[in-house]
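Heads up, protein-v7.cif below (mmCIF, C-alpha atoms):
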```cif
data_my_file
loop_
_atom_site.label_atom_id
_atom_site.label_comp_id
_atom_site.auth_asym_id
_atom_site.auth_seq_id
_atom_site.Cartn_x
_atom_site.Cartn_y
_atom_site.Cartn_z
CA MET A 421 -42.28 -32.62 21.97
CA SER A 422 -39.51 -35.10 21.38
CA ASP A 423 -40.21 -34.67 17.67
CA CYS A 424 -39.77 -30.94 18.06
CA ARG A 425 -36.39 -31.29 19.72
CA GLY A 426 -34.86 -33.45 16.99
CA ILE A 427 -36.35 -31.38 14.19
CA GLN A 428 -35.29 -28.10 15.75
CA GLU A 429 -31.75 -29.38 16.12
CA SER A 430 -31.73 -30.33 12.46
CA ILE A 431 -33.17 -26.96 11.49
CA ALA A 432 -30.58 -25.12 13.56
CA ALA A 433 -27.84 -27.22 12.00
CA GLY A 434 -29.11 -26.25 8.57
CA GLU A 435 -29.63 -29.83 7.54
CA GLU A 436 -32.10 -31.12 4.99
CA LEU A 437 -35.20 -32.23 6.82
CA PRO A 438 -36.59 -35.66 6.11
CA ALA A 439 -39.90 -35.88 4.32
CA SER A 440 -41.53 -37.15 7.49
CA ALA A 441 -40.79 -33.81 9.18
CA VAL A 442 -42.78 -31.74 6.67
CA PRO A 443 -46.23 -32.46 8.20
CA HIS A 444 -44.81 -31.60 11.61
CA LEU A 445 -43.57 -28.25 10.35
CA GLU A 446 -47.01 -27.47 9.01
CA ARG A 447 -48.56 -28.20 12.38
CA CYS A 448 -45.94 -26.80 14.77
CA ALA A 449 -45.72 -23.01 14.81
CA ALA A 450 -42.54 -23.00 16.92
CA CYS A 451 -40.63 -25.20 14.49
CA ALA A 452 -41.91 -23.21 11.52
CA ALA A 453 -40.82 -19.94 13.16
CA LEU A 454 -37.43 -21.43 13.90
CA ALA A 455 -37.05 -22.50 10.28
CA ARG A 456 -37.86 -18.98 9.12
CA ASP A 457 -35.45 -17.42 11.61
CA VAL A 458 -32.66 -19.78 10.71
CA GLU A 459 -33.11 -18.88 7.05
CA GLN A 460 -32.83 -15.21 7.97
CA LEU A 461 -29.77 -15.86 10.11
CA ARG A 462 -28.11 -17.78 7.30
CA ALA A 463 -28.81 -14.94 4.88
CA ALA A 464 -27.37 -12.42 7.32
CA ALA A 465 -24.34 -14.64 7.94
CA ARG A 466 -23.70 -14.93 4.20
CA GLY A 467 -23.99 -11.15 4.00
CA LEU A 468 -21.13 -10.60 6.41
CA PRO A 469 -18.54 -8.48 4.64
CA ARG A 470 -15.63 -10.09 2.84
CA PRO A 471 -12.86 -7.52 2.77
CA PRO A 472 -10.03 -8.06 0.30
CA TRP A 473 -7.56 -10.71 1.27
CA PRO A 474 -4.39 -8.97 2.59
CA ALA A 475 -2.02 -11.44 0.95
CA ARG A 476 1.11 -9.33 1.25
CA GLU A 477 0.50 -8.46 4.88
CA VAL A 478 -0.10 -12.08 5.81
CA ALA A 479 3.00 -13.22 3.91
CA LEU A 480 5.12 -10.64 5.72
CA ARG A 481 3.71 -11.62 9.09
CA ALA A 482 4.34 -15.28 8.35
CA LEU A 483 7.94 -14.47 7.43
CA ALA A 484 8.42 -12.54 10.63
CA ARG A 485 7.00 -15.38 12.67
CA ARG A 486 9.25 -17.90 11.05
CA GLY A 487 12.18 -16.09 12.68
CA GLY A 488 15.80 -16.16 11.52
CA ARG A 489 16.11 -14.79 8.04
CA GLY A 490 12.38 -14.21 7.99
CA ALA A 491 12.74 -11.17 10.22
CA LEU A 492 15.48 -9.84 7.96
CA VAL A 493 13.33 -10.33 4.87
CA LEU A 494 10.44 -8.64 6.64
CA ALA A 495 12.58 -5.68 7.65
CA ARG A 496 13.90 -5.39 4.11
CA ALA A 497 10.42 -5.61 2.67
CA GLN A 498 9.08 -3.00 5.04
CA LEU A 499 12.04 -0.64 4.79
CA GLY A 500 12.61 -1.23 1.08
CA PRO A 501 10.15 1.36 -0.21
CA LEU A 502 11.38 3.90 2.32
CA LEU A 503 15.03 3.36 1.36
CA ALA A 504 14.14 3.54 -2.33
CA ALA A 505 12.34 6.85 -1.75
CA VAL A 506 15.33 8.28 0.15
CA ALA A 507 17.74 7.14 -2.59
CA LEU A 508 15.55 8.74 -5.25
CA LEU A 509 15.40 11.97 -3.30
CA LEU A 510 19.18 12.05 -2.91
CA LEU A 511 19.59 11.37 -6.63
CA LEU A 512 17.26 14.24 -7.50
CA VAL A 513 19.10 16.61 -5.15
CA GLY A 514 22.42 15.54 -6.68
CA LEU A 515 21.15 16.15 -10.19
CA VAL A 516 19.81 19.57 -9.28
CA LEU A 517 23.13 20.55 -7.67
CA ARG A 518 25.06 19.22 -10.63
CA PHE A 519 23.18 21.10 -13.32
CA ALA A 520 22.10 24.25 -11.48
CA PRO A 521 24.08 27.45 -12.33
CA ARG A 522 26.73 28.17 -9.76
CA GLY A 523 26.78 31.33 -7.67
CA PRO A 524 24.23 34.10 -7.96
CA SER A 525 21.99 34.25 -10.95
CA ARG A 526 23.68 35.52 -14.07
CA PRO A 527 23.14 39.26 -14.75
CA GLU A 528 21.60 40.39 -17.97
CA PRO A 529 24.37 41.03 -20.51
CA VAL A 530 25.03 44.77 -20.70
CA GLN A 531 24.65 46.27 -24.11
CA ALA A 532 28.16 47.32 -24.87
CA ASP A 533 28.76 50.75 -26.25
CA ALA A 534 28.93 50.68 -30.00
CA ALA A 535 31.95 53.00 -30.14
CA SER A 536 33.95 50.98 -27.70
CA ILE A 537 33.18 47.86 -29.66
CA ASP A 538 34.49 49.45 -32.75
CA LEU A 539 37.54 50.65 -30.92
CA PHE A 540 38.38 47.22 -29.67
CA ALA A 541 37.63 45.72 -33.05
CA LEU A 542 40.05 48.13 -34.60
CA ILE A 543 42.71 47.31 -32.09
CA ASP A 544 42.20 43.66 -32.82
CA ARG A 545 42.41 44.36 -36.49
CA ALA A 546 45.62 46.32 -36.03
CA GLN A 547 47.14 43.52 -34.05
CA GLN A 548 46.26 41.11 -36.79
CA VAL A 549 47.84 43.37 -39.38
CA TRP A 550 51.02 43.67 -37.45
CA THR A 551 51.55 40.04 -37.16
CA PRO A 552 54.35 38.80 -39.31
CA ALA A 553 51.83 36.76 -41.27
CA GLY A 554 49.79 39.86 -42.03
CA ALA A 555 52.92 41.76 -42.98
CA SER A 556 53.92 39.12 -45.43
CA LYS A 557 50.60 39.60 -47.21
CA GLY A 558 51.26 43.25 -47.88
CA GLU A 559 48.88 44.59 -45.31
CA LEU A 560 51.71 46.39 -43.62
CA ALA A 561 52.18 48.46 -46.71
CA TRP A 562 48.48 49.26 -46.83
CA LEU A 563 48.52 50.40 -43.25
CA LYS A 564 51.56 52.54 -43.72
CA LEU A 565 49.72 54.52 -46.33
CA GLU A 566 47.15 55.51 -43.74
CA LEU A 567 49.50 56.62 -41.07
CA PRO A 568 50.00 60.38 -40.83
CA SER A 569 53.54 61.51 -40.83
CA PRO A 570 54.69 62.40 -37.32
CA LYS A 571 56.76 65.21 -38.72
CA SER A 572 53.85 66.96 -40.44
CA ALA A 573 51.63 67.17 -37.37
CA SER A 574 52.04 68.00 -33.81
CA VAL A 575 51.79 65.25 -31.30
CA SER A 576 48.49 66.56 -29.99
CA GLU A 577 46.92 66.51 -33.42
CA ILE A 578 47.77 62.96 -34.05
CA ASP A 579 45.01 60.64 -33.26
CA PRO A 580 46.91 57.69 -31.86
CA LEU A 581 44.37 55.34 -33.30
CA ALA A 582 43.85 57.06 -36.57
CA GLY A 583 46.60 55.24 -38.29
CA LEU A 584 45.25 51.99 -37.10
CA ARG A 585 41.87 52.49 -38.66
CA PRO A 586 41.01 51.63 -42.18
CA ALA A 587 40.87 54.74 -44.29
CA ALA A 588 37.16 54.57 -44.93
CA LEU A 589 36.39 54.62 -41.25
CA LEU A 590 38.50 57.58 -40.32
CA ILE A 591 36.57 60.60 -39.07
CA SER A 592 37.91 63.91 -38.02
CA ALA A 593 37.78 65.31 -34.53
CA ASP A 594 35.39 68.03 -35.78
CA GLU A 595 33.02 65.55 -37.20
CA ARG A 596 33.03 63.70 -33.90
CA ASN A 597 32.35 66.89 -31.97
CA GLY A 598 29.59 67.77 -34.38
CA ALA A 599 27.92 64.48 -33.86
CA ARG A 600 27.93 65.07 -30.13
CA SER A 601 26.53 68.58 -30.39
CA ASP A 602 23.78 67.32 -32.64
CA ASN A 603 22.45 65.22 -29.86
CA PRO A 604 23.42 66.69 -26.51
CA ALA A 605 21.11 64.30 -24.67
CA SER A 606 23.03 61.34 -25.78
CA SER A 607 25.90 59.98 -23.81
CA PRO A 608 29.42 61.18 -24.75
CA THR A 609 30.20 57.90 -26.39
CA ARG A 610 26.88 57.42 -28.13
CA GLY A 611 26.63 58.29 -31.79
CA THR A 612 30.35 58.05 -32.39
CA ASN A 613 30.12 54.80 -34.19
CA PRO A 614 31.82 55.60 -37.46
CA ARG A 615 29.97 52.81 -39.23
CA ARG A 616 26.68 54.54 -38.64
CA LYS A 617 27.91 57.75 -40.24
CA PRO A 618 27.23 58.19 -43.87
CA MET B 833 0.68 -46.41 10.53
CA GLN B 834 -2.62 -44.60 10.40
CA ARG B 835 -0.87 -41.51 9.12
CA GLU B 836 0.63 -43.30 6.12
CA ALA B 837 -2.68 -44.92 5.30
CA VAL B 838 -4.57 -41.64 5.41
CA LEU B 839 -1.91 -39.82 3.40
CA ALA B 840 -1.99 -42.57 0.80
CA ARG B 841 -5.76 -42.17 0.64
CA GLN B 842 -5.26 -38.46 -0.01
CA ASN B 843 -2.60 -39.20 -2.67
CA VAL B 844 0.09 -37.46 -0.63
CA THR B 845 3.44 -39.01 0.17
CA ASP B 846 5.11 -38.28 3.48
CA GLY B 847 7.95 -36.44 1.72
CA ALA B 848 5.65 -34.18 -0.27
CA ILE B 849 3.27 -33.34 2.52
CA GLY B 850 4.97 -29.97 3.16
CA ASP B 851 4.50 -28.94 -0.47
CA GLU B 852 0.95 -30.22 -0.39
CA LEU B 853 0.22 -28.16 2.71
CA VAL B 854 1.55 -25.04 1.01
CA ALA B 855 -0.66 -25.79 -2.01
CA VAL B 856 -3.69 -26.29 0.24
CA PHE B 857 -2.85 -23.13 2.13
CA THR B 858 -2.57 -21.19 -1.12
CA SER B 859 -5.97 -22.40 -2.29
CA SER B 860 -7.83 -21.90 0.99
CA ARG B 861 -6.06 -19.02 2.69
CA GLU B 862 -8.72 -16.46 1.75
CA ARG B 863 -11.42 -18.62 3.23
CA ALA B 864 -9.23 -19.13 6.31
CA TYR B 865 -8.83 -15.38 6.64
CA TRP B 866 -12.58 -14.74 6.42
CA ILE B 867 -13.33 -17.48 8.93
CA ALA B 868 -10.81 -15.95 11.32
CA LEU B 869 -12.33 -12.53 10.65
CA ASP B 870 -15.89 -13.73 11.28
CA ILE B 871 -14.85 -15.30 14.56
CA THR B 872 -12.63 -12.50 15.84
CA ARG B 873 -14.23 -9.52 14.04
CA ASP B 874 -10.81 -7.92 13.84
CA PRO B 875 -9.08 -7.72 10.42
CA ASP B 876 -5.66 -7.20 11.97
CA GLU B 877 -6.02 -10.15 14.27
CA ALA B 878 -7.37 -12.29 11.44
CA ALA B 879 -4.33 -11.55 9.25
CA ASP B 880 -2.11 -12.38 12.20
CA ILE B 881 -3.94 -15.64 12.79
CA VAL B 882 -3.60 -16.81 9.18
CA ALA B 883 0.12 -16.00 9.15
CA GLU B 884 0.61 -17.80 12.44
CA ALA B 885 -1.50 -20.73 11.23
CA LEU B 886 0.75 -21.41 8.25
CA VAL B 887 3.85 -21.44 10.44
CA ARG B 888 2.21 -23.60 13.10
CA ALA B 889 0.73 -25.99 10.57
CA GLN B 890 4.15 -26.50 8.97
CA ARG B 891 5.83 -27.01 12.33
CA GLY B 892 3.10 -29.38 13.46
CA LEU B 893 3.18 -31.53 10.32
CA PRO B 894 5.34 -34.25 11.91
CA ARG B 895 2.65 -34.67 14.56
CA PHE B 896 -0.18 -34.66 12.02
CA ARG B 897 -1.98 -37.96 12.47
CA GLY B 898 -3.66 -37.86 9.11
CA ASP B 899 -7.14 -38.18 10.60
CA CYS B 900 -8.52 -35.44 8.37
CA SER B 901 -7.72 -33.69 5.12
CA LEU B 902 -4.95 -31.11 5.02
CA ARG B 903 -7.55 -28.41 4.41
CA THR B 904 -9.42 -29.39 7.55
CA TYR B 905 -6.11 -29.56 9.42
CA LEU B 906 -5.27 -26.02 8.33
CA LEU B 907 -8.74 -24.70 9.21
CA ARG B 908 -8.45 -26.43 12.57
CA VAL B 909 -5.27 -24.51 13.32
CA VAL B 910 -6.88 -21.26 12.17
CA VAL B 911 -10.05 -21.78 14.23
CA ASN B 912 -8.10 -22.82 17.32
CA LEU B 913 -6.00 -19.66 17.08
CA ALA B 914 -9.12 -17.55 16.56
CA LEU B 915 -10.87 -19.11 19.55
CA LYS B 916 -7.80 -18.54 21.66
CA GLY B 917 -7.78 -14.90 20.55
CA VAL B 918 -11.46 -14.47 21.37
CA ARG B 919 -11.07 -16.01 24.83
CA ARG B 920 -8.00 -13.89 25.55
CA ARG B 921 -9.84 -10.76 24.52
CA ARG B 922 -12.80 -11.66 26.72
CA VAL B 923 -10.51 -12.10 29.72
CA ARG B 924 -8.91 -8.73 28.97
CA GLU B 925 -12.30 -7.06 28.69
CA ARG B 926 -13.49 -8.60 31.95
CA LEU B 927 -10.33 -7.50 33.70
CA ARG B 928 -10.70 -4.01 32.31
CA HIS B 929 -14.31 -3.95 33.45
CA LEU B 930 -13.35 -5.15 36.92
CA LEU B 931 -10.32 -2.90 37.38
CA LEU B 932 -11.26 0.22 35.45
CA GLY B 933 -15.01 -0.12 35.24
CA GLU B 934 -14.92 0.24 31.44
CA GLU B 935 -17.81 -1.18 29.50
CA HIS B 936 -17.48 -3.63 26.64
CA ASP B 937 -16.47 -1.88 23.43
CA ALA B 938 -19.63 -2.13 21.33
CA ARG B 939 -18.37 -0.12 18.37
CA THR B 940 -18.97 -1.56 14.95
CA PRO B 941 -15.68 -2.50 13.32
CA GLU B 942 -14.77 -0.63 10.15
CA HIS B 943 -15.14 -3.60 7.86
CA LEU B 944 -18.76 -4.05 8.96
CA ALA B 945 -19.75 -0.51 8.08
CA SER B 946 -20.53 -1.38 4.46
CA CYS B 947 -22.73 -4.42 5.09
CA GLY B 948 -26.47 -4.54 5.65
CA GLU B 949 -28.22 -3.78 8.92
CA GLN B 950 -29.14 -7.43 9.48
CA SER B 951 -25.54 -8.58 9.07
CA ARG B 952 -24.33 -5.84 11.39
CA ALA B 953 -26.86 -6.87 14.00
CA LEU B 954 -25.81 -10.49 13.58
CA ALA B 955 -22.14 -9.56 14.00
CA ARG B 956 -22.97 -7.77 17.24
CA ALA B 957 -25.00 -10.73 18.45
CA LEU B 958 -22.21 -13.15 17.56
CA ASP B 959 -19.99 -11.24 19.96
CA GLU B 960 -22.15 -12.41 22.84
CA LEU B 961 -21.89 -16.11 21.99
CA PRO B 962 -19.48 -18.46 23.71
CA ALA B 963 -16.41 -19.06 21.52
CA ARG B 964 -17.24 -22.59 20.39
CA GLN B 965 -20.86 -21.77 19.55
CA ARG B 966 -19.67 -18.78 17.59
CA ALA B 967 -17.14 -20.86 15.66
CA ALA B 968 -19.68 -23.58 14.95
CA PHE B 969 -22.25 -21.08 13.69
CA VAL B 970 -19.74 -19.21 11.50
CA LEU B 971 -18.35 -22.39 9.96
CA ARG B 972 -21.75 -23.92 9.30
CA HIS B 973 -23.91 -20.99 8.29
CA ALA B 974 -21.53 -18.29 7.06
CA HIS B 975 -19.05 -20.60 5.32
CA GLU B 976 -21.38 -23.50 4.62
CA LEU B 977 -19.13 -26.30 5.81
CA HIS B 978 -20.91 -29.61 6.37
CA VAL B 979 -21.66 -30.57 9.96
CA ALA B 980 -19.13 -33.40 9.68
CA GLU B 981 -16.46 -30.97 8.51
CA VAL B 982 -17.30 -28.53 11.29
CA ALA B 983 -16.96 -31.40 13.72
CA ALA B 984 -13.56 -32.30 12.28
CA VAL B 985 -12.35 -28.69 12.44
CA LEU B 986 -13.55 -28.21 16.01
CA GLN B 987 -12.49 -31.73 17.00
CA LEU B 988 -15.95 -32.49 18.37
CA SER B 989 -18.53 -35.11 17.62
CA GLU B 990 -21.28 -34.26 15.14
CA GLY B 991 -23.87 -34.47 17.91
CA THR B 992 -21.98 -31.93 19.97
CA VAL B 993 -21.69 -29.63 16.98
CA LYS B 994 -25.45 -29.84 16.45
CA THR B 995 -26.04 -29.01 20.08
CA HIS B 996 -23.70 -26.01 19.79
CA LEU B 997 -25.49 -24.88 16.66
CA SER B 998 -28.88 -25.25 18.26
CA ARG B 999 -27.87 -23.21 21.29
CA ALA B 1000 -26.16 -20.63 19.13
CA VAL B 1001 -29.31 -20.16 17.04
CA GLN B 1002 -31.46 -19.81 20.17
CA ARG B 1003 -29.15 -17.19 21.63
CA LEU B 1004 -28.88 -15.31 18.36
CA ARG B 1005 -32.66 -15.20 17.92
CA ARG B 1006 -33.01 -13.84 21.42
CA ALA B 1007 -30.24 -11.29 20.94
CA LEU B 1008 -31.62 -10.09 17.63
CA ARG B 1009 -35.10 -9.73 19.10
CA GLU B 1010 -33.66 -7.62 21.91
CA GLN B 1011 -31.80 -5.48 19.41
CA VAL B 1012 -34.99 -4.85 17.47
CA ARG B 1013 -36.84 -4.04 20.69
CA PRO B 1014 -35.34 -0.83 22.01
#
```

Represent the structure from my file as structure tokens, please.
Amino acid sequence: MSDCRGIQESIAAGEELPASAVPHLERCAACAALARDVEQLRAAARGLPRPPWPAREVALRALARRGGRGALVLARAQLGPLLAAVALLLLLVGLVLRFAPRGPSRPEPVQADAASIDLFALIDRAQQVWTPAGASKGELAWLKLELPSPKSASVSEIDPLAGLRPAALLISADERNGARSDNPASSPTRGTNPRRKP
Amino acid sequence: MQREAVLARQNVTDGAIGDELVAVFTSSRERAYWIALDITRDPDEAADIVAEALVRAQRGLPRFRGDCSLRTYLLRVVVNLALKGVRRRRVRERLRHLLLGEEHDARTPEHLASCGEQSRALARALDELPARQRAAFVLRHAHELHVAEVAAVLQLSEGTVKTHLSRAVQRLRRALREQVRP
């Protein structure tokens, strides 16, 4: 019995048993059962889970416990990612506001009427011709040739823009009316583009 | 006098002992964490214990007598903190039981969900052991420290450690048999 006590203590402590204890183990069922159980317990104890070591968490907690600047470092470390996320968000919002189109969305550009374009182009052309620079190049003389004489026509017959147009582009009022009557469905201004006329 | 002699035996000068402790902590902190976890069964508390242990070990260095290695000294601090945590929790649970009539929380902690049935049963049975027996069993059988090292960590004699281990094994066998028997 006294043998059992010493051997069982050694078995429970997981110690190497002396050679003299081996015959006792073969004889004593209680000691043998204990040896088996201790082996099982050791295996189960070694099988206890080993979760990953939370190094960062422990370091932060240690800093906080150290007090003084440790708490400040901890606060900075904990709030750092949050502050960085807020700064990034603000930056993104700023960029969007900076490059987004202002006001309501831009309307689709309206297809300008061909005739009106020509009209304005002609006016531009006339203004260019009447500049002193244009006059010096002889364009004034060219234009004068195109102008109808005010004395030979009544005021109503004179197309105020006729003289401003290049000769090749001039069309009569009849031709214009004819073009309209050809296509009554078209708008009054449509089809009057002199460039499209043969 | 003893301190200097022991430090000299460990090749550590008094001035460099702080650095040496940090080096020892760095090399054995994972083991310290798992020991704390096996004793407390609470990952949060274990992380807290290891953090606290480093701070306490550094503060306590001037009082370190040099009667054991720095690793043992560090594990001693960890185990003492874990035992304190276990005892405090037991008192809380008893109070809760007395005042509110709540039973002991027998839920399996999350970190035990992945391990085998035997280990889960052992973890539950370990909960029922007195704190010192639990620490002795964990250090000896789960972390395979020598009996002498366990004795140094727990600041007990080797004979007392063996007695604790023997009683712990008896209780665990009984508890596991009861768990198997419905």

*Extract, using all atoms listed in the file, all DNA, RNA and protein residues at most 9 Å from B:Arg903, discarding same-chain residues fewer than 3 positions from it, and format them as a PyMOL selection string.*
chain B and resi 853+856-857+860+900+906-908

Go ahead and save the picked residues with C-alpha atoms, as an mmCIF file, in the coordinates of the input.
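Contents of the output file again.cif:
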```
data_model
loop_
_atom_site.group_PDB
_atom_site.id
_atom_site.type_symbol
_atom_site.label_atom_id
_atom_site.label_comp_id
_atom_site.auth_asym_id
_atom_site.auth_seq_id
_atom_site.Cartn_x
_atom_site.Cartn_y
_atom_site.Cartn_z
ATOM 1 C CA LEU B 853 0.220 -28.160 2.710
ATOM 2 C CA VAL B 856 -3.690 -26.290 0.240
ATOM 3 C CA PHE B 857 -2.850 -23.130 2.130
ATOM 4 C CA SER B 860 -7.830 -21.900 0.990
ATOM 5 C CA CYS B 900 -8.520 -35.440 8.370
ATOM 6 C CA LEU B 906 -5.270 -26.020 8.330
ATOM 7 C CA LEU B 907 -8.740 -24.700 9.210
ATOM 8 C CA ARG B 908 -8.450 -26.430 12.570
#
```

How close does chain A get to chain B? List, as a Markdown table, each residue of chain A within 8 Å, its nearest atom pair and the distance in Å to one decimal, counting all atoms listed in the file.
```
| residue | atom | partner | partner_atom | distance |
| --- | --- | --- | --- | --- |
| A:Gln428 | CA | B:Ser998 | CA | 7.5 |
| A:Glu429 | CA | B:Ser998 | CA | 5.5 |
| A:Ser430 | CA | B:Lys994 | CA | 7.5 |
| A:Ala432 | CA | B:Ser998 | CA | 5.0 |
| A:Ala433 | CA | B:Lys994 | CA | 5.7 |
| A:Gly434 | CA | B:His973 | CA | 7.4 |
| A:Asp457 | CA | B:Arg1005 | CA | 7.2 |
| A:Val458 | CA | B:Val1001 | CA | 7.2 |
| A:Leu461 | CA | B:Leu954 | CA | 7.5 |
| A:Arg462 | CA | B:His973 | CA | 5.4 |
| A:Ala464 | CA | B:Ser951 | CA | 4.6 |
| A:Ala465 | CA | B:Ala974 | CA | 4.7 |
| A:Arg466 | CA | B:Ala974 | CA | 4.9 |
| A:Gly467 | CA | B:Ser951 | CA | 5.9 |
| A:Leu468 | CA | B:Ser951 | CA | 5.5 |
| A:Pro469 | CA | B:Cys947 | CA | 5.9 |
| A:Arg470 | CA | B:Trp866 | CA | 6.6 |
| A:Pro471 | CA | B:His943 | CA | 6.8 |
| A:Trp473 | CA | B:Glu862 | CA | 5.9 |
| A:Pro474 | CA | B:Ala879 | CA | 7.1 |
| A:Glu477 | CA | B:Ala879 | CA | 7.2 |
| A:Val478 | CA | B:Ala883 | CA | 5.2 |
| A:Ala479 | CA | B:Ala883 | CA | 6.6 |
| A:Arg481 | CA | B:Ala883 | CA | 5.7 |
| A:Ala482 | CA | B:Ala883 | CA | 4.4 |
| A:Arg485 | CA | B:Glu884 | CA | 6.8 |
| A:Arg486 | CA | B:Val887 | CA | 6.5 |
```

Give, as AutoDock Vina command-line options, the centre coordinates and the x, y and z edge lengths in Å to one decimal for an axis-aligned box around all listed atoms of stretch 475-483 of chain A, padded by 8 Å on each side.
```
--center_x 3.0 --center_y -11.9 --center_z 5.0 --size_x 26.0 --size_y 22.8 --size_z 24.1
```

*Could you state the separation of atom CA of B:Ala914 and atom CA of B:Gln987 in Å, given to one decimal place?*
14.6 Å

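Taking atom CA of B:Arg1003 and atom CA of A:Gln460 as the two end points, the separation is 14.3 Å.
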
_I'd like the interatomic distance between atom CA of B:Ala868 and atom CA of A:Leu480, to a tenth of an Å._
17.7 Å

*If we count only C-alpha atoms, what is near B:Asp959 at a cut-off of 9 Å, once residues fewer than 6 positions away on the same chain are taken out, given as a ChimeraX atom specification?*
/B:871-873,966

Taking the file as shown, find all residues satisfying the PyMOL selection byres ((chain A and resi 438-450) around 9) and write them as a PDB file with C-alpha atoms, in the coordinates of the input.
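Resulting contents of expr37.pdb:
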```pdb
ATOM      1  CA  ASP A 423     -40.210 -34.670  17.670  1.00  0.00           C
ATOM      2  CA  CYS A 424     -39.770 -30.940  18.060  1.00  0.00           C
ATOM      3  CA  ILE A 427     -36.350 -31.380  14.190  1.00  0.00           C
ATOM      4  CA  GLN A 428     -35.290 -28.100  15.750  1.00  0.00           C
ATOM      5  CA  GLU A 436     -32.100 -31.120   4.990  1.00  0.00           C
ATOM      6  CA  LEU A 437     -35.200 -32.230   6.820  1.00  0.00           C
ATOM      7  CA  CYS A 451     -40.630 -25.200  14.490  1.00  0.00           C
ATOM      8  CA  ALA A 452     -41.910 -23.210  11.520  1.00  0.00           C
ATOM      9  CA  ALA A 453     -40.820 -19.940  13.160  1.00  0.00           C
ATOM     10  CA  LEU A 454     -37.430 -21.430  13.900  1.00  0.00           C
ATOM     11  CA  ALA A 455     -37.050 -22.500  10.280  1.00  0.00           C
TER      12      ALA A 455
END
```

*Option closest in space to A:Arg456, from A:Leu511, A:Ile431, A:Ile543, A:Arg496 [counting all atoms listed in the file]*: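 Between A:Leu511, A:Ile431, A:Ile543, A:Arg496, the residue approaching A:Arg456 most closely is A:Ile431.
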